[in-house]
Structures are given as structure tokens and as C-alpha cells.
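> File query_39.cif below, mmCIF, C-alpha atoms:
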```
data_upload
loop_
_atom_site.group_PDB
_atom_site.id
_atom_site.type_symbol
_atom_site.label_atom_id
_atom_site.label_comp_id
_atom_site.auth_asym_id
_atom_site.auth_seq_id
_atom_site.Cartn_x
_atom_site.Cartn_y
_atom_site.Cartn_z
ATOM 1 C CA SER A 19 -0.232 -37.405 1.339
ATOM 2 C CA ASP A 20 -3.339 -38.075 -0.716
ATOM 3 C CA LEU A 21 -5.448 -37.485 2.401
ATOM 4 C CA ILE A 22 -4.536 -33.768 2.376
ATOM 5 C CA GLN A 23 -6.603 -31.822 -0.133
ATOM 6 C CA GLY A 24 -5.613 -28.307 0.858
ATOM 7 C CA VAL A 25 -3.792 -26.181 3.393
ATOM 8 C CA SER A 26 -4.849 -22.965 5.125
ATOM 9 C CA LEU A 27 -2.445 -20.870 7.184
ATOM 10 C CA THR A 28 -2.781 -17.716 9.214
ATOM 11 C CA GLY A 29 0.705 -16.548 10.088
ATOM 12 C CA SER A 30 3.837 -14.700 9.022
ATOM 13 C CA THR A 31 5.007 -14.104 5.470
ATOM 14 C CA ASN A 32 8.039 -16.345 6.077
ATOM 15 C CA ALA A 33 5.850 -19.246 7.193
ATOM 16 C CA GLY A 34 3.453 -18.527 4.315
ATOM 17 C CA ALA A 35 6.256 -18.718 1.746
ATOM 18 C CA LYS A 36 7.369 -22.103 3.090
ATOM 19 C CA ILE A 37 3.814 -23.474 3.163
ATOM 20 C CA ALA A 38 3.110 -22.196 -0.366
ATOM 21 C CA GLU A 39 6.307 -23.834 -1.642
ATOM 22 C CA LEU A 40 5.399 -27.192 -0.100
ATOM 23 C CA ALA A 41 1.787 -26.960 -1.282
ATOM 24 C CA GLY A 42 2.922 -26.076 -4.797
ATOM 25 C CA LYS A 43 5.398 -28.968 -4.965
ATOM 26 C CA ASN A 44 2.597 -31.325 -3.941
ATOM 27 C CA LEU A 45 -0.139 -29.683 -6.076
ATOM 28 C CA LYS A 46 -2.325 -28.861 -3.066
ATOM 29 C CA LYS A 47 -4.775 -25.979 -2.800
ATOM 30 C CA VAL A 48 -3.539 -23.277 -0.433
ATOM 31 C CA VAL A 49 -5.098 -20.287 1.337
ATOM 32 C CA LEU A 50 -2.772 -17.870 3.122
ATOM 33 C CA GLU A 51 -3.719 -15.063 5.517
ATOM 34 C CA LEU A 52 -0.472 -13.291 6.241
ATOM 35 C CA GLY A 53 -1.686 -10.279 8.209
ATOM 36 C CA GLY A 54 -2.392 -6.788 7.093
ATOM 37 C CA SER A 55 -5.485 -4.692 6.796
ATOM 38 C CA ASP A 56 -7.757 -5.701 3.950
ATOM 39 C CA PRO A 57 -9.001 -2.749 1.867
ATOM 40 C CA PHE A 58 -12.621 -2.201 0.860
ATOM 41 C CA ILE A 59 -12.504 0.284 -2.019
ATOM 42 C CA VAL A 60 -15.608 2.191 -3.104
ATOM 43 C CA LEU A 61 -15.251 3.679 -6.602
ATOM 44 C CA ASP A 62 -17.248 6.619 -7.915
ATOM 45 C CA ASP A 63 -19.548 4.411 -10.017
ATOM 46 C CA ALA A 64 -20.465 2.143 -7.102
ATOM 47 C CA ASP A 65 -23.994 1.279 -6.046
ATOM 48 C CA VAL A 66 -23.601 3.129 -2.736
ATOM 49 C CA ASP A 67 -26.489 1.367 -0.984
ATOM 50 C CA PHE A 68 -25.030 -2.040 -1.898
ATOM 51 C CA ALA A 69 -21.510 -0.953 -0.931
ATOM 52 C CA ALA A 70 -22.578 0.444 2.457
ATOM 53 C CA LYS A 71 -24.634 -2.655 3.308
ATOM 54 C CA ASN A 72 -21.747 -4.961 2.432
ATOM 55 C CA ALA A 73 -19.218 -2.738 4.193
ATOM 56 C CA VAL A 74 -21.128 -3.264 7.439
ATOM 57 C CA SER A 75 -21.165 -7.041 7.156
ATOM 58 C CA GLY A 76 -17.595 -7.092 5.832
ATOM 59 C CA ARG A 77 -16.350 -5.149 8.848
ATOM 60 C CA THR A 78 -18.437 -6.661 11.632
ATOM 61 C CA VAL A 79 -18.269 -10.387 10.853
ATOM 62 C CA ASN A 80 -17.304 -12.125 14.119
ATOM 63 C CA SER A 81 -17.406 -8.723 15.864
ATOM 64 C CA GLY A 82 -14.674 -7.489 13.509
ATOM 65 C CA GLN A 83 -12.291 -10.183 14.765
ATOM 66 C CA SER A 84 -11.604 -11.920 11.482
ATOM 67 C CA CYS A 85 -8.323 -12.017 9.609
ATOM 68 C CA ILE A 86 -10.143 -11.626 6.314
ATOM 69 C CA ALA A 87 -12.603 -8.919 7.377
ATOM 70 C CA ALA A 88 -12.595 -5.617 5.514
ATOM 71 C CA LYS A 89 -10.504 -3.306 7.670
ATOM 72 C CA ARG A 90 -9.813 -0.117 5.693
ATOM 73 C CA PHE A 91 -12.465 1.705 3.721
ATOM 74 C CA ILE A 92 -11.033 3.702 0.849
ATOM 75 C CA VAL A 93 -13.716 5.805 -0.793
ATOM 76 C CA MET A 94 -13.735 8.136 -3.809
ATOM 77 C CA LYS A 95 -14.438 11.718 -2.838
ATOM 78 C CA SER A 96 -17.442 11.943 -5.193
ATOM 79 C CA VAL A 97 -19.379 9.302 -3.191
ATOM 80 C CA ALA A 98 -17.713 9.698 0.211
ATOM 81 C CA ASP A 99 -20.422 11.743 1.957
ATOM 82 C CA GLU A 100 -23.258 9.486 0.818
ATOM 83 C CA PHE A 101 -21.341 6.264 1.540
ATOM 84 C CA SER A 102 -20.113 7.473 4.945
ATOM 85 C CA LYS A 103 -23.605 8.448 6.093
ATOM 86 C CA LYS A 104 -25.198 5.189 4.937
ATOM 87 C CA PHE A 105 -22.349 3.111 6.371
ATOM 88 C CA ALA A 106 -22.531 4.913 9.735
ATOM 89 C CA ASP A 107 -26.348 4.718 9.892
ATOM 90 C CA ALA A 108 -26.360 0.974 9.134
ATOM 91 C CA THR A 109 -23.548 0.385 11.635
ATOM 92 C CA ASN A 110 -25.405 2.346 14.306
ATOM 93 C CA ALA A 111 -28.498 0.158 13.766
ATOM 94 C CA LEU A 112 -26.658 -3.085 14.600
ATOM 95 C CA VAL A 113 -27.839 -5.104 17.608
ATOM 96 C CA ILE A 114 -24.983 -5.554 20.093
ATOM 97 C CA ASP A 115 -25.618 -8.397 22.498
ATOM 98 C CA ASP A 116 -24.921 -11.996 23.462
ATOM 99 C CA PRO A 117 -23.738 -13.873 20.347
ATOM 100 C CA MET A 118 -25.949 -16.828 21.329
ATOM 101 C CA ASN A 119 -29.013 -14.618 20.729
ATOM 102 C CA MET A 120 -30.066 -15.016 17.077
ATOM 103 C CA LYS A 121 -31.030 -11.319 16.881
ATOM 104 C CA THR A 122 -27.479 -10.215 17.735
ATOM 105 C CA ASP A 123 -25.391 -8.659 14.956
ATOM 106 C CA VAL A 124 -22.241 -7.939 16.985
ATOM 107 C CA GLY A 125 -21.005 -9.709 20.096
ATOM 108 C CA PRO A 126 -18.140 -8.943 22.462
ATOM 109 C CA LEU A 127 -14.431 -8.878 21.757
ATOM 110 C CA VAL A 128 -12.507 -11.995 22.710
ATOM 111 C CA ASN A 129 -10.904 -10.615 25.900
ATOM 112 C CA LYS A 130 -9.899 -7.519 27.891
ATOM 113 C CA ASP A 131 -6.651 -7.115 25.907
ATOM 114 C CA GLY A 132 -8.640 -7.004 22.667
ATOM 115 C CA LEU A 133 -10.928 -4.326 24.095
ATOM 116 C CA THR A 134 -7.979 -2.306 25.435
ATOM 117 C CA GLN A 135 -6.248 -2.473 22.020
ATOM 118 C CA ILE A 136 -9.348 -1.212 20.179
ATOM 119 C CA GLU A 137 -9.843 1.593 22.716
ATOM 120 C CA SER A 138 -6.206 2.638 22.261
ATOM 121 C CA GLN A 139 -6.438 2.653 18.466
ATOM 122 C CA VAL A 140 -9.653 4.692 18.419
ATOM 123 C CA HIS A 141 -8.336 7.123 21.063
ATOM 124 C CA ASP A 142 -5.181 7.609 18.974
ATOM 125 C CA ALA A 143 -7.276 8.356 15.868
ATOM 126 C CA ILE A 144 -9.509 10.853 17.697
ATOM 127 C CA SER A 145 -6.488 12.587 19.257
ATOM 128 C CA LYS A 146 -5.062 13.034 15.730
ATOM 129 C CA GLY A 147 -8.271 14.515 14.310
ATOM 130 C CA ALA A 148 -10.503 11.579 13.338
ATOM 131 C CA LYS A 149 -14.221 12.271 13.457
ATOM 132 C CA VAL A 150 -16.489 9.636 15.037
ATOM 133 C CA LEU A 151 -19.510 9.094 12.771
ATOM 134 C CA THR A 152 -20.916 6.450 15.115
ATOM 135 C CA GLY A 153 -19.678 4.462 18.103
ATOM 136 C CA GLY A 154 -16.242 5.243 19.447
ATOM 137 C CA LYS A 155 -16.547 3.784 22.936
ATOM 138 C CA LYS A 156 -16.798 0.604 24.948
ATOM 139 C CA LEU A 157 -20.191 -0.316 26.312
ATOM 140 C CA GLU A 158 -20.705 -0.228 30.055
ATOM 141 C CA ARG A 159 -21.974 -3.763 30.546
ATOM 142 C CA LYS A 160 -20.629 -7.149 31.508
ATOM 143 C CA GLY A 161 -18.292 -8.474 28.825
ATOM 144 C CA PHE A 162 -15.841 -6.910 26.409
ATOM 145 C CA PHE A 163 -18.269 -5.000 24.212
ATOM 146 C CA TYR A 164 -17.159 -2.144 21.948
ATOM 147 C CA LYS A 165 -19.742 -0.128 20.054
ATOM 148 C CA PRO A 166 -19.288 -0.654 16.308
ATOM 149 C CA THR A 167 -17.482 2.440 15.117
ATOM 150 C CA VAL A 168 -17.084 4.358 11.879
ATOM 151 C CA LEU A 169 -14.355 7.011 11.709
ATOM 152 C CA SER A 170 -13.710 9.684 9.091
ATOM 153 C CA ASN A 171 -11.007 12.321 8.578
ATOM 154 C CA ILE A 172 -8.398 9.570 8.683
ATOM 155 C CA LYS A 173 -4.691 10.404 8.477
ATOM 156 C CA MET A 174 -1.978 7.950 7.446
ATOM 157 C CA ASP A 175 -0.167 8.150 10.830
ATOM 158 C CA MET A 176 -3.157 6.919 12.847
ATOM 159 C CA LYS A 177 -2.991 3.466 14.468
ATOM 160 C CA VAL A 178 -6.259 2.536 12.736
ATOM 161 C CA VAL A 179 -4.222 2.728 9.501
ATOM 162 C CA THR A 180 -0.763 1.581 10.584
ATOM 163 C CA GLU A 181 -1.938 -1.364 12.707
ATOM 164 C CA GLU A 182 -4.445 -4.146 12.117
ATOM 165 C CA VAL A 183 -7.725 -3.253 13.818
ATOM 166 C CA PHE A 184 -9.138 -6.479 15.244
ATOM 167 C CA GLY A 185 -12.596 -5.332 16.262
ATOM 168 C CA PRO A 186 -15.666 -3.493 14.934
ATOM 169 C CA VAL A 187 -13.919 -0.245 13.934
ATOM 170 C CA ALA A 188 -13.984 1.105 10.379
ATOM 171 C CA PRO A 189 -11.717 3.973 9.272
ATOM 172 C CA ILE A 190 -12.808 5.740 6.075
ATOM 173 C CA THR A 191 -10.062 7.256 3.927
ATOM 174 C CA ILE A 192 -11.210 9.585 1.154
ATOM 175 C CA VAL A 193 -9.258 9.638 -2.105
ATOM 176 C CA GLU A 194 -9.521 11.583 -5.359
ATOM 177 C CA ASN A 195 -9.120 8.694 -7.797
ATOM 178 C CA GLU A 196 -8.374 5.004 -8.282
ATOM 179 C CA SER A 197 -4.603 5.410 -8.467
ATOM 180 C CA GLU A 198 -4.595 7.240 -5.135
ATOM 181 C CA ALA A 199 -6.703 4.416 -3.673
ATOM 182 C CA VAL A 200 -4.197 1.818 -4.846
ATOM 183 C CA LYS A 201 -1.249 3.890 -3.584
#
```
Any chance you could put this one into C-alpha cells?


Amino acid sequence: SDLIQGVSLTGSTNAGAKIAELAGKNLKKVVLELGGSDPFIVLDDADVDFAAKNAVSGRTVNSGQSCIAAKRFIVMKSVADEFSKKFADATNALVIDDPMNMKTDVGPLVNKDGLTQIESQVHDAISKGAKVLTGGKKLERKGFFYKPTVLSNIKMDMKVVTEEVFGPVAPITIVENESEAVK
């Protein structure tokens, strides 16, 4: 139809393939979010202040509950210490409160299941050797609040790597070079 200018889908790869085929046949714009954990890669020539600032907003948009939020932070070893400290410090400074308050940076998770899932993923990471740079716990207040969290010493078998983290939790993976980051 001429009334349809574009299509956006959040769903499975099978559904995405079908939607893309139909959109292509009809010359319609298409945006597909087919799951996964979007990488935020910090190379050794990065402006670390700029990267850390944008990592915070990229991870905590909508309390980290966004399909297109940055979810995995892959950082070159040469800038990892500086980036990790700045990222953790900026994350720790966020205001966690009612999302209707204009001063709030991070609100609650959508429901108890979302909070339980985040707690489980962070607990799994810590039990496997992750280091909490900031956060790492739910807040003892009314609502489903989880303190924005930055984790280091990430291993590939941790749930924060193998599952999508749908909340304000940022695992930092340190790599030697660009090809390791892509791998």
C-alpha cells in the first residue's frame, strides 16, 4: 500500500527474513531488531572521555531495557583501565529514581521478572570471577530498581555474555586488538 512508508520489526530472524523480503519487493524502508547483544567497541585511538560518556548513555537508555542499547563493551587493552574507570565513575554518578522526575537518569526495570533476570545474570558473572566496578545489586526501595552496574574480568561463559542483558548492566571485555574484538 502507498500508505505504508516503512516497517520496523523486533522479533526472530525467521520473521525478520520474511518482513525484509516483503519490504524489499515493495520498495519499503525496513528496520529489523532481531535480538542479540549490541557491541560497543573502544579502539586504542579512541577519545576515552567521549567513549565513556557515550557508553553510559548507550547502556542506560530506558534503564537499559532497549533492544538497540549497547550491551557488550569490548575495549582494547591499551585504554581499558582508563575507559573502565571513567565508565564506572560516570555510571555511579547517575540519578536512580522515578522516571517522571526530570532529574532521573535511570528508572526501574519493567517488572519483578526483569529484576530477577538481571540479578541472576550478575550473580552468575560474579560467581565466575567478574569484578564489580560499580553497582551489582538491587536497590532496597519500592519498585524494581537495579543499581547501574559495570563489570570487568568478563569470561565468555558468563550469562552477561551468552544472554541478552535487558537492564543497566555493562560487561567490559578486554581484547588485544581489533581482530580479537571482531572475533

> Hey, which of A:Ala143, A:Leu50, A:Val93, A:Val66 ends up closest to Ile190 (chain A)? Count all atoms listed in the file.

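Under the stated criterion, the closest residue is A:Val93.
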
> With the PyMOL selection byres ((chain A and resi 106) around 8) as the selection, what would be picked from this file? Answer as a list in words, please.

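On the file shown, the PyMOL selection byres ((chain A and resi 106) around 8) covers Ser102, Lys103, Lys104, Phe105, Asp107, Ala108, Thr109, Asn110, Leu151, Thr152, Thr167 and Val168 of chain A.
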
> Specify as a VMD selection string each residue included when the PyMOL selection byres ((chain A and resi 79) around 12) is applied to this file.

chain A and resid 72 to 78 80 to 89 112 117 122 to 127 166 184 to 187

> Please list as a VMD selection string every residue within 12 Å of Thr28 (chain A), counting only C-alpha atoms and excluding residues in the same chain fewer than 4 positions away.

chain A and resid 32 to 35 37 48 to 54 84 to 86

> Which residue, A:Ile114, A:Ile59, A:Lys121, A:Ile192, has the smallest gap to Lys156 (chain A) when you use all atoms listed in the file?

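Of the candidates, the smallest distance to Lys156 (chain A) is held by A:Ile114.
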
> Could you list, as a list in words, every residue matched by the PyMOL selection byres ((chain A and resi 41) around 12) in this structure?

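When the PyMOL selection byres ((chain A and resi 41) around 12) is applied, the selected residues are Ser19, Ile22, Gln23, Gly24, Val25, Ser26, Leu27, Gly34, Ala35, Lys36, Ile37, Ala38, Glu39, Leu40, Gly42, Lys43, Asn44, Leu45, Lys46, Lys47, Val48, Val49 and Leu50 of chain A.
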
> Please save C-alpha atoms of the selected residues as a short mmCIF file (atom, residue, chain, number, x, y, z; two decimals), in the coordinates of the input.


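Okay, this is what ended up in result-v3.cif:
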```
data_model
loop_
_atom_site.label_atom_id
_atom_site.label_comp_id
_atom_site.auth_asym_id
_atom_site.auth_seq_id
_atom_site.Cartn_x
_atom_site.Cartn_y
_atom_site.Cartn_z
CA SER A 19 -0.23 -37.40 1.34
CA ILE A 22 -4.54 -33.77 2.38
CA GLN A 23 -6.60 -31.82 -0.13
CA GLY A 24 -5.61 -28.31 0.86
CA VAL A 25 -3.79 -26.18 3.39
CA SER A 26 -4.85 -22.96 5.12
CA LEU A 27 -2.44 -20.87 7.18
CA GLY A 34 3.45 -18.53 4.32
CA ALA A 35 6.26 -18.72 1.75
CA LYS A 36 7.37 -22.10 3.09
CA ILE A 37 3.81 -23.47 3.16
CA ALA A 38 3.11 -22.20 -0.37
CA GLU A 39 6.31 -23.83 -1.64
CA LEU A 40 5.40 -27.19 -0.10
CA GLY A 42 2.92 -26.08 -4.80
CA LYS A 43 5.40 -28.97 -4.96
CA ASN A 44 2.60 -31.32 -3.94
CA LEU A 45 -0.14 -29.68 -6.08
CA LYS A 46 -2.33 -28.86 -3.07
CA LYS A 47 -4.78 -25.98 -2.80
CA VAL A 48 -3.54 -23.28 -0.43
CA VAL A 49 -5.10 -20.29 1.34
CA LEU A 50 -2.77 -17.87 3.12
#
```

> Counting all atoms listed in the file, which residues come within 10 Å of (-14.6, 2.4, 25.2), with the point read in the file's coordinates, and could you list them as a list in words?

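Neighbouring residues, ordered by chain and number, come to Leu133, Thr134, Ile136, Glu137, Ser138, Val140, His141, Gly153, Gly154, Lys155, Lys156, Leu157, Glu158, Phe162, Phe163, Tyr164 and Lys165 of chain A.
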
> In Å to one decimal, how far is CA of Asp131 (chain A) from CA of Val183 (chain A)?

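Atom-to-atom, CA of Val183 (chain A) and CA of Asp131 (chain A) are spaced 12.7 Å apart.
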
> Could you check how far CA of Thr31 (chain A) sits from CA of Pro57 (chain A), in Å to one decimal?

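Separation between CA of Thr31 (chain A) and CA of Pro57 (chain A): 18.4 Å.
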
> Do you have the CA of Val128 (chain A)-CA of Asn171 (chain A) distance handy?

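Interatomic distance here is 28.2 Å.
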
> Which residue is closest to Glu182 (chain A)? Choose from A:Asp99, A:Glu198, A:Asn119, A:Gln135 and count only C-alpha atoms.

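Looking only at the distances to Glu182 (chain A), the closest residue turns out to be A:Gln135.
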
> Quick one: residues within 6 Å of Met94 (chain A), only C-alpha atoms counted, chain neighbours fewer than 2 positions away excluded, as a VMD selection string?

chain A and resid 61 to 62 96 to 98 192 to 194

> Rank A:Lys71, A:Lys160, A:Lys146, A:Lys173 by their smallest atom-to-atom distance to Phe101 (chain A), using only C-alpha atoms, and report the top residue only.

A:Lys71

> Within 7 Å of Arg90 (chain A), counting all atoms listed in the file, which residues qualify if same-chain residues fewer than 5 places away don't, as a list in words?

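Contacts, in chain order: Ser55, Asp56, Pro57, Phe58, Ala188, Pro189 and Ile190 of chain A.
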
> Please determine an axis-aligned box that encloses all atoms of region 149-160 of chain A listed in the file, with 5 Å added on each side, and express its centre and edge lengths in Å to one decimal as lines of an AutoDock Vina configuration file.


```
center_x = -18.1
center_y = 2.6
center_z = 22.1
size_x = 17.8
size_y = 29.4
size_z = 28.7
```
